[in-house]
$ cat coords.cif   # mmCIF, C-alpha atoms, pLDDT in the B column; chains and numbers go by the auth columns
data_final
loop_
_atom_site.group_PDB
_atom_site.id
_atom_site.type_symbol
_atom_site.label_atom_id
_atom_site.label_comp_id
_atom_site.label_asym_id
_atom_site.label_seq_id
_atom_site.Cartn_x
_atom_site.Cartn_y
_atom_site.Cartn_z
_atom_site.B_iso_or_equiv
_atom_site.auth_seq_id
_atom_site.auth_asym_id
ATOM 1 C CA MET A 1 16.909 12.025 1.768 36.00 782 B
ATOM 2 C CA ARG A 2 16.238 8.300 2.157 38.00 783 B
ATOM 3 C CA ILE A 3 13.014 7.405 3.921 46.00 784 B
ATOM 4 C CA PRO A 4 13.659 4.845 6.675 45.00 785 B
ATOM 5 C CA GLY A 5 12.284 1.483 5.689 44.00 786 B
ATOM 6 C CA SER A 6 12.508 2.091 1.941 42.00 787 B
ATOM 7 C CA ALA A 7 15.066 0.825 -0.512 44.00 788 B
ATOM 8 C CA GLY A 8 17.194 -0.858 2.115 45.00 789 B
ATOM 9 C CA GLY A 9 16.924 1.819 4.800 47.00 790 B
ATOM 10 C CA ALA A 10 16.559 0.963 8.466 49.00 791 B
ATOM 11 C CA VAL A 11 13.121 -0.221 9.518 47.00 792 B
ATOM 12 C CA THR A 12 11.850 1.006 12.876 46.00 793 B
ATOM 13 C CA PRO A 13 10.468 -1.826 15.037 47.00 794 B
ATOM 14 C CA LEU A 14 6.709 -1.689 15.637 44.00 795 B
ATOM 15 C CA ALA A 15 7.227 -0.775 19.298 43.00 796 B
ATOM 16 C CA ASP A 16 9.190 2.320 18.245 50.00 797 B
ATOM 17 C CA LEU A 17 6.692 3.800 15.767 51.00 798 B
ATOM 18 C CA SER A 18 5.808 6.593 18.183 54.00 799 B
ATOM 19 C CA SER A 19 9.430 7.711 18.133 59.00 800 B
ATOM 20 C CA LEU A 20 9.604 8.280 14.378 75.00 801 B
ATOM 21 C CA PRO A 21 10.763 11.867 13.907 84.00 802 B
ATOM 22 C CA PRO A 22 8.012 14.171 12.584 83.00 803 B
ATOM 23 C CA GLN A 23 10.459 15.261 9.871 91.00 804 B
ATOM 24 C CA THR A 24 10.476 11.703 8.515 94.00 805 B
ATOM 25 C CA LEU A 25 6.712 11.848 8.046 95.00 806 B
ATOM 26 C CA ARG A 26 6.917 15.287 6.400 96.00 807 B
ATOM 27 C CA VAL A 27 9.575 14.056 3.981 96.00 808 B
ATOM 28 C CA ALA A 28 7.515 10.977 3.096 96.00 809 B
ATOM 29 C CA ILE A 29 4.436 13.117 2.358 97.00 810 B
ATOM 30 C CA LEU A 30 6.352 15.722 0.346 97.00 811 B
ATOM 31 C CA ASP A 31 8.306 13.114 -1.591 96.00 812 B
ATOM 32 C CA LEU A 32 5.139 11.408 -2.769 97.00 813 B
ATOM 33 C CA ALA A 33 3.333 14.691 -3.472 97.00 814 B
ATOM 34 C CA ARG A 34 6.217 15.959 -5.616 96.00 815 B
ATOM 35 C CA ARG A 35 6.526 12.669 -7.484 96.00 816 B
ATOM 36 C CA ARG A 36 2.796 12.738 -8.264 95.00 817 B
ATOM 37 C CA GLY A 37 2.931 16.372 -9.388 93.00 818 B
ATOM 38 C CA ALA A 38 0.526 19.284 -9.294 89.00 819 B
ATOM 39 C CA GLY A 39 -3.138 18.333 -9.252 89.00 820 B
ATOM 40 C CA ALA A 40 -2.613 14.644 -8.465 96.00 821 B
ATOM 41 C CA SER A 41 -3.769 13.446 -5.057 96.00 822 B
ATOM 42 C CA PHE A 42 -2.922 10.418 -2.960 97.00 823 B
ATOM 43 C CA CYS A 43 -4.158 8.616 0.112 96.00 824 B
ATOM 44 C CA PRO A 44 -2.150 9.322 3.297 95.00 825 B
ATOM 45 C CA SER A 45 -1.736 5.578 3.679 94.00 826 B
ATOM 46 C CA GLU A 46 0.670 5.603 0.723 96.00 827 B
ATOM 47 C CA PRO A 47 3.536 7.394 2.519 95.00 828 B
ATOM 48 C CA ALA A 48 2.741 5.356 5.647 93.00 829 B
ATOM 49 C CA ARG A 49 3.101 2.135 3.644 93.00 830 B
ATOM 50 C CA ALA A 50 6.382 3.418 2.169 92.00 831 B
ATOM 51 C CA LEU A 51 7.704 3.876 5.704 90.00 832 B
ATOM 52 C CA ARG A 52 6.472 0.460 6.880 88.00 833 B
ATOM 53 C CA PRO A 53 6.743 -1.923 3.908 84.00 834 B
ATOM 54 C CA GLY A 54 5.669 -5.516 4.095 82.00 835 B
ATOM 55 C CA GLY A 55 2.964 -5.518 6.744 79.00 836 B
ATOM 56 C CA ASP A 56 -0.039 -3.900 8.343 82.00 837 B
ATOM 57 C CA ASP A 57 1.862 -1.976 11.014 87.00 838 B
ATOM 58 C CA TRP A 58 1.781 1.115 8.770 90.00 839 B
ATOM 59 C CA ARG A 59 -1.673 1.775 10.247 91.00 840 B
ATOM 60 C CA ALA A 60 -0.032 2.813 13.519 91.00 841 B
ATOM 61 C CA LEU A 61 1.543 5.741 11.643 92.00 842 B
ATOM 62 C CA MET A 62 -1.743 7.206 10.438 93.00 843 B
ATOM 63 C CA PRO A 63 -2.525 9.544 13.378 93.00 844 B
ATOM 64 C CA ALA A 64 1.003 10.996 13.336 92.00 845 B
ATOM 65 C CA LEU A 65 0.934 11.204 9.554 94.00 846 B
ATOM 66 C CA ARG A 66 -2.276 13.235 9.659 95.00 847 B
ATOM 67 C CA VAL A 67 -0.669 15.614 12.176 94.00 848 B
ATOM 68 C CA ALA A 68 2.344 16.003 9.877 96.00 849 B
ATOM 69 C CA ALA A 69 -0.004 16.610 6.929 97.00 850 B
ATOM 70 C CA ALA A 70 -1.853 19.248 8.957 97.00 851 B
ATOM 71 C CA GLY A 71 1.442 21.030 9.606 97.00 852 B
ATOM 72 C CA LEU A 72 2.236 21.058 5.889 97.00 853 B
ATOM 73 C CA GLN A 73 -1.305 22.225 5.227 98.00 854 B
ATOM 74 C CA ALA A 74 -0.938 25.106 7.709 97.00 855 B
ATOM 75 C CA GLU A 75 2.242 26.118 5.876 97.00 856 B
ATOM 76 C CA GLY A 76 0.331 26.163 2.577 96.00 857 B
ATOM 77 C CA ILE A 77 2.420 23.359 1.088 96.00 858 B
ATOM 78 C CA ILE A 78 -0.239 20.676 0.718 97.00 859 B
ATOM 79 C CA GLU A 79 -4.023 20.482 0.629 97.00 860 B
ATOM 80 C CA ALA A 80 -6.268 17.852 2.154 97.00 861 B
ATOM 81 C CA THR A 81 -9.583 16.995 0.542 97.00 862 B
ATOM 82 C CA GLN A 82 -12.541 14.763 1.201 97.00 863 B
ATOM 83 C CA ALA A 83 -14.974 14.084 -1.616 95.00 864 B
ATOM 84 C CA GLY A 84 -13.163 16.835 -3.547 92.00 865 B
ATOM 85 C CA ARG A 85 -13.721 19.506 -0.885 96.00 866 B
ATOM 86 C CA PRO A 86 -11.004 21.076 1.283 96.00 867 B
ATOM 87 C CA VAL A 87 -10.799 19.720 4.853 97.00 868 B
ATOM 88 C CA ALA A 88 -8.431 19.971 7.809 96.00 869 B
ATOM 89 C CA ALA A 89 -6.090 16.975 7.610 95.00 870 B
ATOM 90 C CA ASP A 90 -5.940 16.443 11.367 92.00 871 B
ATOM 91 C CA THR A 91 -9.634 16.772 12.219 94.00 872 B
ATOM 92 C CA ALA A 92 -11.469 15.339 9.192 95.00 873 B
ATOM 93 C CA ARG A 93 -13.274 12.101 9.924 95.00 874 B
ATOM 94 C CA GLY A 94 -12.990 9.347 7.376 94.00 875 B
ATOM 95 C CA PRO A 95 -10.749 9.012 4.341 96.00 876 B
ATOM 96 C CA ILE A 96 -8.924 12.042 2.978 97.00 877 B
ATOM 97 C CA ARG A 97 -6.617 12.700 0.042 98.00 878 B
ATOM 98 C CA LEU A 98 -3.511 14.870 -0.032 98.00 879 B
ATOM 99 C CA ARG A 99 -1.984 16.884 -2.864 97.00 880 B
ATOM 100 C CA LEU A 100 0.394 19.755 -3.437 97.00 881 B
ATOM 101 C CA ALA A 101 -1.287 23.080 -2.745 95.00 882 B
ATOM 102 C CA ALA A 102 -2.139 25.166 -5.766 87.00 883 B
ATOM 103 C CA PRO A 103 0.084 28.217 -6.132 82.00 884 B
ATOM 104 C CA ALA A 104 -1.486 31.373 -4.747 72.00 885 B
ATOM 105 C CA GLU A 105 -2.973 33.545 -7.444 71.00 886 B
ATOM 106 C CA PRO A 106 -1.959 37.200 -7.490 68.00 887 B
ATOM 107 C CA ASP A 107 -4.496 39.606 -6.060 64.00 888 B
ATOM 108 C CA ARG A 108 -5.863 41.296 -9.181 64.00 889 B
ATOM 109 C CA ASP A 109 -7.837 43.863 -7.180 62.00 890 B
ATOM 110 C CA LYS A 110 -4.677 45.554 -5.984 59.00 891 B
ATOM 111 C CA THR A 111 -3.069 48.144 -8.185 55.00 892 B
ATOM 112 C CA PRO A 112 0.700 48.550 -8.174 56.00 893 B
#
$ encode --input "coords.cif" --output "structure tokens"
Amino acid sequence: MRIPGSAGGAVTPLADLSSLPPQTLRVAILDLARRRGAGASFCPSEPARALRPGGDDWRALMPALRVAAAGLQAEGIIEATQAGRPVAADTARGPIRLRLAAPAEPDRDKTP
């Protein structure tokens, strides 16, 4: 899926940033997380900048991007951290980092 505003895709005018579909933000986050790979983190501004190349208007995407990240976090797909500690992507104050969630480890206390 092509992210709008990247590699020749349509760029949404600044006035229409609030109408970007939430799925577009999810795809941008997941695309970057998968390209970075397990264990590698990134700043949420990176997918925002990919969606809004060539200017500072990517900042307007940050609140919606954090909400999208929180949805992915609730689904167990990504993790948000601050100073290396897990945080809620939508409520953490200050800079956060995102990464793919670690696979769940099997419960070794259970017997088959």
$ resolve_selection --input "coords.cif" --expression "the PyMOL selection byres ((chain B and resi 843) around 10)" --output "compact mmCIF listing (two decimals) with C-alpha atoms, keeping the file's coordinate frame"
# COMPACT_ATOMS: atom_id res chain seq x y z
CA LEU B 806 6.71 11.85 8.05
CA PRO B 825 -2.15 9.32 3.30
CA SER B 826 -1.74 5.58 3.68
CA PRO B 828 3.54 7.39 2.52
CA ALA B 829 2.74 5.36 5.65
CA ARG B 830 3.10 2.13 3.64
CA ASP B 838 1.86 -1.98 11.01
CA TRP B 839 1.78 1.12 8.77
CA ARG B 840 -1.67 1.78 10.25
CA ALA B 841 -0.03 2.81 13.52
CA LEU B 842 1.54 5.74 11.64
CA PRO B 844 -2.52 9.54 13.38
CA ALA B 845 1.00 11.00 13.34
CA LEU B 846 0.93 11.20 9.55
CA ARG B 847 -2.28 13.24 9.66
CA VAL B 848 -0.67 15.61 12.18
CA ALA B 849 2.34 16.00 9.88
$ residues_near_point --input "coords.cif" --point "(0.1, 19.4, -2.3)" --cutoff "12 Å" --atoms "all atoms listed in the file" --output "MDAnalysis selection string"
chainID B and resid 807 810:825 850:851 853:862 867 870 878:884
$ atom_distance --input "coords.cif" --atom1 "atom CA of B:Leu832" --atom2 "atom CA of B:Gly875"
21.5 Å
$ residues_around --input "coords.cif" --residues "B:Ala864" --least-positions-apart "4" --cutoff "10 Å" --atoms "all atoms listed in the file" --output "PyMOL selection string"
chain B and resi 868+876-878
$ write_last_selection --input "coords.cif" --atoms "C-alpha atoms" --output "compact mmCIF listing (two decimals), keeping the file's coordinate frame"
# COMPACT_ATOMS: atom_id res chain seq x y z
CA VAL B 868 -10.80 19.72 4.85
CA PRO B 876 -10.75 9.01 4.34
CA ILE B 877 -8.92 12.04 2.98
CA ARG B 878 -6.62 12.70 0.04
$ atom_distance --input "coords.cif" --atom1 "atom CA of B:Pro802" --atom2 "atom CA of B:Gln863"
26.7 Å
